[in-house]
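The next block is data.csv, given as CSV, C-alpha atoms.
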chain,number,residue,atom,x,y,z
A,30,MET,CA,9.9,-12.2,-44.6
A,31,GLY,CA,12.1,-9.9,-42.6
A,32,LEU,CA,14.8,-12.6,-42.3
A,33,TYR,CA,18.4,-11.9,-43.1
A,34,SER,CA,20.3,-13.5,-45.9
A,35,LEU,CA,23.6,-15.2,-45.0
A,36,ARG,CA,24.7,-14.9,-48.6
A,37,GLN,CA,24.3,-11.1,-48.4
A,38,ALA,CA,25.5,-10.8,-44.8
A,39,ASP,CA,28.7,-9.2,-43.5
A,40,ARG,CA,31.8,-11.3,-43.7
A,41,SER,CA,32.0,-11.6,-39.9
A,42,VAL,CA,28.5,-13.1,-39.8
A,43,LYS,CA,29.6,-15.7,-42.4
A,44,LEU,CA,32.8,-16.4,-40.5
A,45,GLY,CA,31.0,-16.9,-37.3
A,46,ALA,CA,28.4,-19.3,-38.9
A,47,VAL,CA,31.1,-21.4,-40.6
A,48,LEU,CA,33.4,-21.6,-37.6
A,49,PHE,CA,30.5,-22.5,-35.3
A,50,LEU,CA,29.5,-25.3,-37.6
A,51,LEU,CA,33.1,-26.6,-38.0
A,52,LEU,CA,33.6,-26.6,-34.2
A,53,LEU,CA,30.2,-28.3,-33.7
A,54,GLY,CA,31.4,-31.0,-36.2
A,55,TYR,CA,34.6,-31.3,-34.1
A,56,ALA,CA,32.4,-31.9,-31.0
A,57,TYR,CA,30.3,-34.4,-32.9
A,58,LEU,CA,33.4,-36.4,-33.8
A,59,PHE,CA,34.1,-37.0,-30.1
A,60,ALA,CA,30.4,-37.5,-29.4
A,61,PHE,CA,30.5,-40.3,-32.0
A,62,LEU,CA,33.5,-41.9,-30.4
A,63,MET,CA,32.0,-41.6,-26.9
A,64,VAL,CA,28.7,-43.2,-28.0
A,65,LYS,CA,30.5,-45.9,-29.9
A,66,THR,CA,32.6,-46.8,-26.8
A,67,TRP,CA,30.0,-46.4,-24.0
A,68,SER,CA,26.7,-47.1,-25.6
A,69,GLY,CA,27.1,-48.8,-28.9
A,70,LEU,CA,25.7,-48.2,-32.4
A,71,THR,CA,23.2,-51.0,-32.7
A,72,PRO,CA,19.7,-51.2,-31.1
A,73,ALA,CA,20.7,-54.3,-29.1
A,74,ARG,CA,23.7,-52.6,-27.6
A,75,VAL,CA,21.9,-49.4,-26.9
A,76,ALA,CA,19.0,-51.3,-25.2
A,77,ALA,CA,21.6,-53.2,-23.1
A,78,THR,CA,22.9,-49.9,-21.9
A,79,TYR,CA,19.6,-48.3,-21.0
A,80,VAL,CA,17.1,-51.1,-20.1
A,81,PRO,CA,17.5,-51.9,-16.4
A,82,ALA,CA,18.4,-55.4,-15.4
A,83,PRO,CA,15.6,-57.5,-13.9
A,84,GLY,CA,15.3,-56.6,-10.2
A,85,MET,CA,14.5,-58.5,-7.1
A,86,ASP,CA,11.4,-60.7,-7.6
A,87,GLU,CA,10.5,-61.6,-4.1
A,88,MET,CA,7.3,-63.4,-5.2
A,89,HIS,CA,9.2,-66.0,-7.0
A,90,MET,CA,12.3,-66.1,-4.8
A,91,ALA,CA,13.4,-69.4,-3.3
A,92,THR,CA,13.4,-69.6,0.5
A,93,GLU,CA,17.1,-70.4,0.7
A,94,SER,CA,20.0,-68.9,-1.3
A,95,HIS,CA,21.6,-71.0,-3.9
A,96,ALA,CA,25.2,-70.8,-5.1
A,97,THR,CA,27.1,-72.1,-8.1
A,98,THR,CA,30.8,-72.0,-8.4
A,99,LYS,CA,32.8,-72.1,-11.6
A,100,PRO,CA,36.4,-71.8,-12.5
A,101,LEU,CA,37.5,-68.3,-13.6
A,102,ASP,CA,40.2,-67.3,-16.0
A,103,LEU,CA,41.2,-63.8,-15.0
A,104,GLY,CA,42.6,-63.2,-18.5
A,105,GLN,CA,39.2,-63.8,-20.0
A,106,MET,CA,37.2,-61.6,-17.6
A,107,PRO,CA,34.9,-59.4,-19.7
A,108,ASP,CA,35.2,-55.7,-19.3
A,109,MET,CA,32.5,-54.1,-17.1
A,110,LYS,CA,29.4,-53.4,-19.1
A,111,HIS,CA,28.5,-49.7,-19.1
A,112,THR,CA,24.9,-49.1,-18.1
A,113,VAL,CA,22.8,-46.0,-17.4
A,114,ASP,CA,20.5,-46.2,-14.4
A,115,THR,CA,17.8,-43.7,-13.5
A,116,ASN,CA,20.0,-41.4,-11.5
A,117,THR,CA,22.6,-41.2,-14.2
A,118,LEU,CA,19.9,-40.6,-16.8
A,119,VAL,CA,18.4,-37.8,-14.8
A,120,GLN,CA,21.9,-36.3,-14.7
A,121,ASP,CA,22.5,-36.8,-18.4
A,122,SER,CA,19.0,-35.4,-19.3
A,123,HIS,CA,19.4,-32.1,-17.3
A,124,ILE,CA,22.7,-31.3,-19.1
A,125,HIS,CA,22.2,-32.7,-22.6
A,126,ILE,CA,18.6,-31.5,-23.3
A,127,MET,CA,19.7,-28.0,-22.4
A,128,ILE,CA,22.7,-28.2,-24.7
A,129,TYR,CA,20.6,-29.7,-27.5
A,130,ALA,CA,18.2,-26.8,-27.2
A,131,ILE,CA,21.0,-24.3,-27.3
A,132,VAL,CA,22.6,-26.0,-30.4
A,133,ALA,CA,19.2,-26.2,-32.1
A,134,GLY,CA,18.6,-22.5,-31.4
A,135,LEU,CA,22.0,-21.6,-32.9
A,136,LEU,CA,21.4,-23.7,-35.9
A,137,THR,CA,18.1,-22.0,-36.3
A,138,LEU,CA,19.8,-18.6,-36.4
A,139,ILE,CA,21.9,-19.9,-39.3
A,140,ILE,CA,18.9,-21.6,-41.0
A,141,LEU,CA,17.0,-18.3,-41.0
A,142,GLY,CA,19.6,-16.8,-43.3
A,143,LEU,CA,19.8,-19.6,-45.8
A,144,ASP,CA,17.2,-18.3,-48.3
A,145,TRP,CA,15.3,-21.6,-48.1
A,146,PRO,CA,11.5,-21.9,-48.9
A,147,ALA,CA,9.6,-21.4,-45.7
A,148,TRP,CA,8.3,-25.0,-45.6
A,149,TRP,CA,11.7,-26.4,-45.9
A,150,ARG,CA,13.2,-24.0,-43.4
A,151,ASP,CA,10.5,-24.8,-40.8
A,152,THR,CA,10.9,-28.5,-41.4
A,153,VAL,CA,14.6,-28.4,-40.7
A,154,ILE,CA,14.1,-26.2,-37.6
A,155,VAL,CA,11.5,-28.5,-36.2
A,156,THR,CA,13.7,-31.5,-36.9
A,157,ALA,CA,16.7,-29.8,-35.2
A,158,PHE,CA,14.7,-29.4,-32.0
A,159,ALA,CA,12.7,-32.7,-32.2
A,160,THR,CA,15.7,-35.0,-32.6
A,161,GLY,CA,17.2,-33.7,-29.3
A,162,ALA,CA,13.9,-34.3,-27.5
A,163,LEU,CA,13.3,-37.7,-29.1
A,164,ASP,CA,16.8,-38.8,-28.3
A,165,PHE,CA,16.1,-38.6,-24.6
A,166,ALA,CA,12.5,-39.7,-25.0
A,167,GLY,CA,13.9,-43.0,-26.4
A,168,GLN,CA,16.4,-43.2,-23.5
A,169,TRP,CA,13.6,-42.7,-20.9
A,170,LEU,CA,11.3,-45.2,-22.6
A,171,MET,CA,14.1,-47.8,-22.4
A,172,ASN,CA,14.7,-46.9,-18.8
A,173,PHE,CA,11.0,-47.8,-18.2
A,174,GLY,CA,11.8,-51.3,-19.6
A,175,LEU,CA,10.7,-50.7,-23.3
A,176,GLY,CA,13.9,-51.8,-25.0
A,177,GLY,CA,12.3,-51.7,-28.4
A,178,PHE,CA,12.6,-47.9,-28.3
A,179,ALA,CA,16.4,-48.1,-28.8
A,180,TRP,CA,15.6,-47.4,-32.5
A,181,LEU,CA,14.1,-44.0,-31.5
A,182,THR,CA,17.3,-43.0,-29.8
A,183,LEU,CA,19.4,-44.2,-32.7
A,184,VAL,CA,17.2,-42.6,-35.4
A,185,SER,CA,17.3,-39.3,-33.4
A,186,GLY,CA,21.1,-39.4,-33.4
A,187,TRP,CA,21.1,-39.9,-37.2
A,188,GLY,CA,18.5,-37.2,-37.6
A,189,MET,CA,20.6,-34.8,-35.6
A,190,SER,CA,23.6,-35.6,-37.8
A,191,LEU,CA,21.5,-35.2,-40.9
A,192,VAL,CA,20.3,-31.7,-39.9
A,193,TYR,CA,23.9,-30.8,-39.2
A,194,LEU,CA,25.0,-32.1,-42.6
A,195,ILE,CA,22.3,-30.2,-44.4
A,196,VAL,CA,22.9,-26.9,-42.6
A,197,LEU,CA,26.7,-27.2,-43.1
A,198,TYR,CA,26.3,-27.9,-46.8
A,199,ALA,CA,23.9,-25.0,-47.3
A,200,THR,CA,26.0,-22.7,-45.3
A,201,VAL,CA,29.2,-23.5,-47.2
A,202,ARG,CA,27.4,-22.9,-50.5
A,203,ALA,CA,26.0,-19.6,-49.2
A,204,VAL,CA,29.3,-18.2,-48.0
A,205,LEU,CA,31.6,-19.2,-50.8
A,206,PRO,CA,32.5,-16.2,-52.9
A,207,GLY,CA,31.8,-17.9,-56.2
A,208,ARG,CA,28.2,-18.3,-55.2
A,209,SER,CA,27.7,-14.9,-53.7
A,210,THR,CA,25.2,-12.7,-55.4
A,211,GLY,CA,25.9,-9.7,-53.3
A,212,GLY,CA,29.1,-7.8,-52.3
A,213,TYR,CA,31.0,-8.1,-49.1
A,214,SER,CA,30.7,-5.4,-46.5
B,860,MET,CA,38.0,-21.7,-55.8
B,861,ASN,CA,37.0,-25.2,-56.9
B,862,ILE,CA,39.7,-26.5,-54.6
B,863,VAL,CA,38.4,-24.5,-51.7
B,864,ARG,CA,34.9,-25.7,-52.4
B,865,ARG,CA,36.1,-29.3,-52.6
B,866,LEU,CA,38.1,-29.0,-49.4
B,867,GLY,CA,35.1,-27.6,-47.6
B,868,ALA,CA,32.8,-30.3,-48.9
B,869,ALA,CA,35.4,-33.0,-47.9
B,870,ALA,CA,35.7,-31.5,-44.4
B,871,GLY,CA,31.9,-31.3,-44.0
B,872,LEU,CA,31.5,-34.8,-45.2
B,873,ALA,CA,34.2,-36.2,-42.8
B,874,LEU,CA,32.6,-34.4,-39.8
B,875,ALA,CA,29.1,-35.5,-40.8
B,876,VAL,CA,30.2,-39.1,-41.2
B,877,ALA,CA,31.8,-38.9,-37.8
B,878,ALA,CA,28.6,-37.5,-36.3
B,879,LEU,CA,26.4,-40.2,-37.8
B,880,GLY,CA,25.0,-42.4,-35.2
B,881,GLY,CA,25.8,-39.9,-32.6
B,882,ALA,CA,22.8,-40.7,-30.4
B,883,ALA,CA,22.6,-40.7,-26.7
B,884,HIS,CA,25.5,-39.3,-24.6
B,885,PRO,CA,26.0,-41.6,-21.6
B,886,SER,CA,28.0,-40.3,-18.7
B,887,PRO,CA,31.1,-42.5,-18.8
B,888,LYS,CA,32.2,-44.5,-15.9
B,889,VAL,CA,35.9,-44.3,-15.2
B,890,VAL,CA,37.6,-47.6,-14.3
B,891,LEU,CA,40.2,-46.9,-11.7
B,892,VAL,CA,41.2,-50.5,-11.2
B,893,LYS,CA,40.1,-53.4,-13.4
B,894,HIS,CA,38.3,-56.2,-11.7
B,895,ALA,CA,40.9,-58.8,-12.8
B,896,ASP,CA,43.7,-56.6,-11.5
B,897,PHE,CA,42.0,-56.1,-8.2
B,898,ILE,CA,41.4,-59.8,-7.8
B,899,ARG,CA,45.0,-60.7,-8.8
B,900,GLN,CA,46.5,-58.0,-6.5
B,901,THR,CA,44.5,-58.7,-3.4
B,902,LEU,CA,44.4,-62.5,-3.6
B,903,ALA,CA,48.1,-62.8,-3.7
B,904,GLY,CA,49.3,-66.4,-3.6
B,905,ALA,CA,46.2,-67.7,-5.4
B,906,THR,CA,47.0,-70.1,-8.2
B,907,GLN,CA,43.4,-70.9,-9.1
B,908,TYR,CA,40.4,-68.5,-9.3
B,909,PHE,CA,36.7,-69.2,-9.2
B,910,VAL,CA,33.5,-67.2,-9.4
B,911,ARG,CA,30.7,-68.0,-7.1
B,912,THR,CA,27.2,-66.7,-8.0
B,913,VAL,CA,24.7,-66.6,-5.2
B,914,ASP,CA,21.0,-66.3,-6.0
B,915,ILE,CA,19.6,-64.6,-2.9
B,916,GLY,CA,16.9,-66.5,-1.1
B,917,LYS,CA,14.1,-65.1,1.1
B,918,GLN,CA,15.8,-66.0,4.4
B,919,ASP,CA,19.1,-64.3,3.4
B,920,LEU,CA,17.3,-61.3,2.0
B,921,ALA,CA,15.5,-60.8,5.3
B,922,ALA,CA,18.9,-61.2,7.1
B,923,ILE,CA,20.5,-58.6,4.9
B,924,ARG,CA,17.6,-56.1,5.6
B,925,GLN,CA,17.9,-56.8,9.3
B,926,LYS,CA,21.6,-56.1,9.3
B,927,SER,CA,21.4,-53.0,7.2
B,928,ASP,CA,18.8,-50.7,5.6
B,929,PHE,CA,19.3,-51.7,2.0
B,930,THR,CA,17.9,-54.2,-0.4
B,931,PRO,CA,20.3,-55.4,-3.1
B,932,GLU,CA,19.2,-54.4,-6.6
B,933,ASP,CA,20.6,-57.5,-8.2
B,934,PRO,CA,19.2,-60.8,-7.1
B,935,ASP,CA,22.5,-62.4,-8.0
B,936,VAL,CA,25.7,-61.6,-6.1
B,937,GLN,CA,29.1,-62.7,-7.4
B,938,PHE,CA,32.1,-63.5,-5.2
B,939,TYR,CA,35.5,-64.2,-6.7
B,940,LEU,CA,37.5,-66.8,-4.9
B,941,GLY,CA,41.2,-67.5,-4.9
B,942,GLN,CA,42.8,-70.9,-4.0
B,943,GLY,CA,46.5,-71.5,-3.4
B,944,GLU,CA,48.5,-74.7,-3.7
B,945,GLY,CA,46.5,-77.7,-2.6
B,946,GLY,CA,43.2,-75.9,-2.8
B,947,ALA,CA,43.7,-73.8,0.3
B,948,PRO,CA,41.5,-70.7,0.3
B,949,VAL,CA,43.3,-67.4,-0.1
B,950,GLY,CA,40.3,-65.1,0.2
B,951,ALA,CA,37.3,-63.8,-1.6
B,952,VAL,CA,36.5,-60.6,-3.5
B,953,LEU,CA,33.3,-58.7,-3.9
B,954,PHE,CA,32.5,-55.6,-5.9
B,955,GLN,CA,29.9,-53.4,-4.3
B,956,GLN,CA,28.3,-50.5,-6.2
B,957,VAL,CA,26.4,-47.5,-4.7
B,958,ASP,CA,24.6,-45.0,-6.8
B,959,SER,CA,24.6,-41.2,-6.5
B,960,PRO,CA,23.1,-38.3,-8.6
B,961,HIS,CA,26.7,-38.0,-10.0
B,962,GLY,CA,26.9,-41.6,-11.2
B,963,PRO,CA,27.7,-44.9,-9.7
B,964,LEU,CA,30.7,-45.6,-7.4
B,965,GLU,CA,32.1,-49.1,-7.1
B,966,VAL,CA,34.3,-50.4,-4.3
B,967,GLY,CA,36.3,-53.6,-4.5
B,968,LEU,CA,36.4,-55.6,-1.2
B,969,SER,CA,38.8,-58.4,-0.5
B,970,PHE,CA,38.2,-60.7,2.5
B,971,LYS,CA,40.6,-63.0,4.2
B,972,PRO,CA,39.6,-66.6,4.8
B,973,ASP,CA,38.9,-65.7,8.4
B,974,GLY,CA,36.3,-63.1,7.3
B,975,ALA,CA,38.4,-60.0,8.0
B,976,LEU,CA,38.5,-57.2,5.4
B,977,ALA,CA,41.9,-57.4,3.8
B,978,ARG,CA,41.6,-54.5,1.3
B,979,ALA,CA,39.2,-52.0,0.0
B,980,MET,CA,39.7,-49.9,-3.2
B,981,VAL,CA,37.5,-47.7,-5.3
B,982,THR,CA,37.5,-49.6,-8.6
B,983,THR,CA,35.0,-47.4,-10.6
B,984,ALA,CA,34.0,-43.8,-10.5
B,985,THR,CA,32.7,-41.4,-13.1
B,986,VAL,CA,34.2,-38.5,-15.1
B,987,GLU,CA,32.6,-36.1,-12.6
B,988,THR,CA,33.3,-37.9,-9.4
B,989,LYS,CA,36.9,-39.1,-10.1
B,990,PRO,CA,38.6,-36.0,-8.8
B,991,TRP,CA,36.6,-36.1,-5.6
B,992,VAL,CA,37.3,-39.8,-5.1
B,993,GLN,CA,41.0,-39.2,-5.6
B,994,GLN,CA,41.0,-36.6,-2.9
B,995,VAL,CA,39.3,-39.2,-0.6
B,996,ILE,CA,41.9,-41.8,-1.5
B,997,GLY,CA,44.6,-39.2,-0.7
B,998,THR,CA,43.5,-39.0,2.9
B,999,GLY,CA,44.3,-42.7,3.4
B,1000,LEU,CA,40.6,-43.5,4.2
B,1001,MET,CA,40.8,-46.8,2.3
B,1002,ASP,CA,43.4,-48.2,4.6
B,1003,GLN,CA,41.2,-47.5,7.6
B,1004,PHE,CA,38.8,-50.2,6.5
B,1005,THR,CA,41.5,-53.0,6.6
B,1006,GLY,CA,40.8,-55.5,9.4
B,1007,LEU,CA,37.1,-54.7,9.8
B,1008,ARG,CA,35.0,-57.7,10.7
B,1009,GLN,CA,31.3,-58.5,10.6
B,1010,GLY,CA,29.5,-56.1,13.0
B,1011,ASP,CA,32.1,-53.4,12.8
B,1012,ASP,CA,30.8,-50.0,11.6
B,1013,PRO,CA,32.9,-48.8,8.6
B,1014,ARG,CA,31.5,-45.3,9.0
B,1015,LYS,CA,33.7,-44.9,12.1
B,1016,ALA,CA,36.6,-44.7,9.6
B,1017,LEU,CA,35.2,-41.4,8.5
B,1018,ALA,CA,36.3,-39.8,11.7
B,1019,GLY,CA,39.9,-39.8,10.3
B,1020,VAL,CA,38.9,-37.6,7.3
B,1021,ASP,CA,36.8,-35.0,9.2
B,1022,GLY,CA,37.8,-31.5,8.3
B,1023,LYS,CA,40.2,-32.7,5.6
B,1024,LEU,CA,37.7,-32.8,2.7
B,1025,GLY,CA,35.3,-30.4,1.1
B,1026,GLY,CA,31.6,-31.0,0.5
B,1027,MET,CA,31.6,-33.3,-2.5
B,1028,PRO,CA,34.7,-35.3,-1.5
B,1029,GLN,CA,33.2,-35.8,1.9
B,1030,TYR,CA,30.0,-37.0,0.3
B,1031,MET,CA,32.1,-39.5,-1.8
B,1032,ALA,CA,33.8,-40.7,1.4
B,1033,GLU,CA,30.4,-41.4,3.0
B,1034,LEU,CA,29.3,-43.3,-0.2
B,1035,ILE,CA,32.5,-45.3,0.0
B,1036,ALA,CA,31.8,-46.2,3.6
B,1037,THR,CA,28.3,-47.1,2.7
B,1038,ALA,CA,29.6,-49.4,-0.1
B,1039,VAL,CA,32.0,-51.1,2.3
B,1040,GLY,CA,29.3,-51.6,4.9
B,1041,ARG,CA,26.9,-53.1,2.3
B,1042,GLY,CA,29.6,-55.4,1.0
B,1043,MET,CA,30.5,-56.6,4.5
B,1044,VAL,CA,26.8,-57.5,5.0
B,1045,LEU,CA,26.6,-59.3,1.7
B,1046,TYR,CA,29.8,-61.2,2.5
B,1047,SER,CA,28.8,-62.2,6.0
B,1048,THR,CA,25.3,-63.2,4.9
B,1049,LEU,CA,25.8,-64.9,1.6
B,1050,TYR,CA,29.4,-66.1,1.2
B,1051,LYS,CA,29.9,-68.4,4.2
B,1052,GLY,CA,26.4,-69.7,4.4
B,1053,SER,CA,26.0,-70.4,0.7
B,1054,SER,CA,26.1,-74.0,-0.4
B,1055,THR,CA,27.6,-75.0,-3.7

Written form, structure tokens:
Amino acid sequence: MGLYSLRQADRSVKLGAVLFLLLLGYAYLFAFLMVKTWSGLTPARVAATYVPAPGMDEMHMATESHATTKPLDLGQMPDMKHTVDTNTLVQDSHIHIMIYAIVAGLLTLIILGLDWPAWWRDTVIVTAFATGALDFAGQWLMNFGLGGFAWLTLVSGWGMSLVYLIVLYATVRAVLPGRSTGGYS
Amino acid sequence: MNIVRRLGAAAGLALAVAALGGAAHPSPKVVLVKHADFIRQTLAGATQYFVRTVDIGKQDLAAIRQKSDFTPEDPDVQFYLGQGEGGAPVGAVLFQQVDSPHGPLEVGLSFKPDGALARAMVTTATVETKPWVQQVIGTGLMDQFTGLRQGDDPRKALAGVDGKLGGMPQYMAELIATAVGRGMVLYSTLYKGSST
């Protein structure tokens, strides 16, 4: 024991917890739009973003170059496909994994006050940290050519959202006056 | 209080739904000029357009390595050709990308039929590099590449921006010059010598 209870906590603590979660949800809204635009929401599109294109295969290369020319309709030119190469993934990883850790840590502070059974509390805390780690594990595995791990990145994103949803729901239940078992400070 | 509770639940649900699927966070590229717009603008007078895809062969790969110190990542290189009335060539366009720890940078290069560089423009940057790239463009560096021919060193154009840029914009200027140089090598090696 020794944990605090959000339900019994000072009003300022409740206010801080709820506002943090609402602002986090606000950020998630744009994260969703960003992922939808630049990476996609299906395993095929995510894999196309992260799995590198086949490189130069000098063993099977023809001696002379070969060219093919086709008519081009400028009005039908496809938009440039967004891809994430190793350098970009290094950059993304060093920023996002740190942010994921900070967010998971702050969610943990709220979870500690939710009066949950210890097993459930620990499960959600571990999930909060694991989803961030697995998100980028999936991206790196795809970067190594294992496109089948697109599902890992997608499932991690869903897991992150599920943790958020659970914590938000429980927090709102805990701070609403009608459900409070103790008085406000 | 039920209303407050329901509003809270609705807000939470809306935010959670928006967050669902929120997986990886790619660093977005910023398209400064669309490929089609660059081709249309720089191949003025063209009435027909073509795309020529060159699969690099061993001989040309060796030539590229001899002329410069890089190996193309993609075994296929695409040139966009413009033809005017009667099929007269107007020029060719190539998009050359260079990578950096801050994301990729792409430069569009338009060549005249005689092989001289007609126009160079940064077509793609990233959210992080865009302000640095815009500083570089503001110095007029891109105009300094106009008229370059095979064998010319595009890095000489950097002399015009010395002392005008800070650290990261200067780095971007060097990357742009690198992209121009690589594009010129690909054009001189693959475009004219490629058979259809």

When you get a sec, could you note down which chain A residues fall within 7 Å of chain B, using only C-alpha atoms, as a PyMOL selection string? chain A and resi 54-55+57-58+60-61+64+67-68+70+84-85+90-103+106+113+116-117+120-121+164+182-183+185-187+190+194+197

When you look at Thr200 of chain A with a cut-off of 8 Å (counting only C-alpha atoms), what residues show up, excluding the ones that are within fewer than 5 positions of it in the same chain? I need them as a list in words.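 Residues near the query, excluding close chain neighbours: Leu35, Ala46, Val47, Ile139 and Leu143 of chain A.
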
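Atom CA of Gly1042 of chain B is positioned 10.1 Å from atom CA of Leu976 of chain B.
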
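Every protein or nucleic acid residue with an atom no more than 9 Å from Gly161 of chain A, counting only C-alpha atoms and leaving out same-chain residues fewer than 6 positions away, appears here: His125, Ile126, Tyr129, Ala130, Ala133, Ser185, Gly186 and Met189 of chain A.
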
Given the selection you just returned, output its residues as a file containing C-alpha atoms, formatted as an mmCIF file, in the coordinates of the input.
data_model
loop_
_atom_site.group_PDB
_atom_site.id
_atom_site.type_symbol
_atom_site.label_atom_id
_atom_site.label_comp_id
_atom_site.auth_asym_id
_atom_site.auth_seq_id
_atom_site.Cartn_x
_atom_site.Cartn_y
_atom_site.Cartn_z
ATOM 1 C CA HIS A 125 22.200 -32.700 -22.600
ATOM 2 C CA ILE A 126 18.600 -31.500 -23.300
ATOM 3 C CA TYR A 129 20.600 -29.700 -27.500
ATOM 4 C CA ALA A 130 18.200 -26.800 -27.200
ATOM 5 C CA ALA A 133 19.200 -26.200 -32.100
ATOM 6 C CA SER A 185 17.300 -39.300 -33.400
ATOM 7 C CA GLY A 186 21.100 -39.400 -33.400
ATOM 8 C CA MET A 189 20.600 -34.800 -35.600
#

Atom CA of Met1031 of chain B to atom CA of Asp114 of chain A, distance in Å rounded to a single decimal: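 Between atom CA of Met1031 of chain B and atom CA of Asp114 of chain A the gap works out to 18.4 Å.
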
Computed interatomic separation between atom CA of Glu965 of chain B and atom CA of Thr1037 of chain B (Å): 10.7 Å

Might you pull out every residue within 10 Å of segment 153-158 of chain A, with all atoms listed in the file counted and same-chain residues fewer than 5 positions away left off, and present them as a list in words?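 Close residues of segment 153-158 of chain A: Ile126, Tyr129, Ala130, Ile131, Val132, Ala133, Gly134, Leu136, Thr137, Leu138, Ile140, Leu141, Ala147, Trp148, Leu163, Ser185, Gly188, Met189, Ser190, Leu191, Val192, Tyr193, Ile195 and Val196 of chain A.
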
Store the residues picked out above in a file with C-alpha atoms, as a tab-separated table (two decimals), in the coordinates of the input.
chain	number	residue	atom	x	y	z
A	126	ILE	CA	18.60	-31.50	-23.30
A	129	TYR	CA	20.60	-29.70	-27.50
A	130	ALA	CA	18.20	-26.80	-27.20
A	131	ILE	CA	21.00	-24.30	-27.30
A	132	VAL	CA	22.60	-26.00	-30.40
A	133	ALA	CA	19.20	-26.20	-32.10
A	134	GLY	CA	18.60	-22.50	-31.40
A	136	LEU	CA	21.40	-23.70	-35.90
A	137	THR	CA	18.10	-22.00	-36.30
A	138	LEU	CA	19.80	-18.60	-36.40
A	140	ILE	CA	18.90	-21.60	-41.00
A	141	LEU	CA	17.00	-18.30	-41.00
A	147	ALA	CA	9.60	-21.40	-45.70
A	148	TRP	CA	8.30	-25.00	-45.60
A	163	LEU	CA	13.30	-37.70	-29.10
A	185	SER	CA	17.30	-39.30	-33.40
A	188	GLY	CA	18.50	-37.20	-37.60
A	189	MET	CA	20.60	-34.80	-35.60
A	190	SER	CA	23.60	-35.60	-37.80
A	191	LEU	CA	21.50	-35.20	-40.90
A	192	VAL	CA	20.30	-31.70	-39.90
A	193	TYR	CA	23.90	-30.80	-39.20
A	195	ILE	CA	22.30	-30.20	-44.40
A	196	VAL	CA	22.90	-26.90	-42.60

Extract, using all atoms listed in the file, all DNA, RNA and protein residues at most 10 Å from Met1043 of chain B, discarding same-chain residues fewer than 4 positions from it, and format them as a PyMOL selection string. chain B and resi 953+955+968-970+974-976+1007-1013+1037-1039+1047-1049

Contacts of segment 165-167 of chain A at 7 Å (all atoms listed in the file; same-chain gap of 3+ positions) as a PyMOL selection string: chain A and resi 122+161-162+170-171+178-179+181-182

Would you mind completing segment 43-55 of chain A to N, CA and C atoms and writing the output as a PDB file, in the frame of the given file?
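As written to disk, rebuild-v2.pdb reads:
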ATOM      1  N   LYS A  43      29.280 -14.458 -41.700  1.00  0.00           N
ATOM      2  CA  LYS A  43      29.600 -15.700 -42.400  1.00  0.00           C
ATOM      3  C   LYS A  43      30.678 -16.480 -41.668  1.00  0.00           C
ATOM      4  N   LEU A  44      31.692 -15.744 -41.244  1.00  0.00           N
ATOM      5  CA  LEU A  44      32.800 -16.400 -40.500  1.00  0.00           C
ATOM      6  C   LEU A  44      32.311 -17.059 -39.265  1.00  0.00           C
ATOM      7  N   GLY A  45      31.502 -16.339 -38.521  1.00  0.00           N
ATOM      8  CA  GLY A  45      31.000 -16.900 -37.300  1.00  0.00           C
ATOM      9  C   GLY A  45      30.157 -18.144 -37.511  1.00  0.00           C
ATOM     10  N   ALA A  46      29.311 -18.107 -38.564  1.00  0.00           N
ATOM     11  CA  ALA A  46      28.400 -19.300 -38.900  1.00  0.00           C
ATOM     12  C   ALA A  46      29.266 -20.484 -39.241  1.00  0.00           C
ATOM     13  N   VAL A  47      30.256 -20.278 -40.108  1.00  0.00           N
ATOM     14  CA  VAL A  47      31.100 -21.400 -40.600  1.00  0.00           C
ATOM     15  C   VAL A  47      31.904 -21.988 -39.431  1.00  0.00           C
ATOM     16  N   LEU A  48      32.521 -21.105 -38.660  1.00  0.00           N
ATOM     17  CA  LEU A  48      33.400 -21.600 -37.600  1.00  0.00           C
ATOM     18  C   LEU A  48      32.539 -22.325 -36.506  1.00  0.00           C
ATOM     19  N   PHE A  49      31.337 -21.814 -36.258  1.00  0.00           N
ATOM     20  CA  PHE A  49      30.500 -22.500 -35.300  1.00  0.00           C
ATOM     21  C   PHE A  49      30.171 -23.924 -35.794  1.00  0.00           C
ATOM     22  N   LEU A  50      29.839 -24.019 -37.086  1.00  0.00           N
ATOM     23  CA  LEU A  50      29.500 -25.300 -37.600  1.00  0.00           C
ATOM     24  C   LEU A  50      30.697 -26.280 -37.618  1.00  0.00           C
ATOM     25  N   LEU A  51      31.869 -25.761 -37.949  1.00  0.00           N
ATOM     26  CA  LEU A  51      33.100 -26.600 -38.000  1.00  0.00           C
ATOM     27  C   LEU A  51      33.379 -27.101 -36.536  1.00  0.00           C
ATOM     28  N   LEU A  52      33.258 -26.198 -35.565  1.00  0.00           N
ATOM     29  CA  LEU A  52      33.600 -26.600 -34.200  1.00  0.00           C
ATOM     30  C   LEU A  52      32.495 -27.583 -33.672  1.00  0.00           C
ATOM     31  N   LEU A  53      31.266 -27.375 -34.119  1.00  0.00           N
ATOM     32  CA  LEU A  53      30.200 -28.300 -33.700  1.00  0.00           C
ATOM     33  C   LEU A  53      30.496 -29.701 -34.316  1.00  0.00           C
ATOM     34  N   GLY A  54      30.981 -29.725 -35.558  1.00  0.00           N
ATOM     35  CA  GLY A  54      31.400 -31.000 -36.200  1.00  0.00           C
ATOM     36  C   GLY A  54      32.501 -31.653 -35.408  1.00  0.00           C
ATOM     37  N   TYR A  55      33.434 -30.837 -34.950  1.00  0.00           N
ATOM     38  CA  TYR A  55      34.600 -31.300 -34.100  1.00  0.00           C
ATOM     39  C   TYR A  55      34.024 -31.997 -32.871  1.00  0.00           C
TER      40      TYR A  55
END
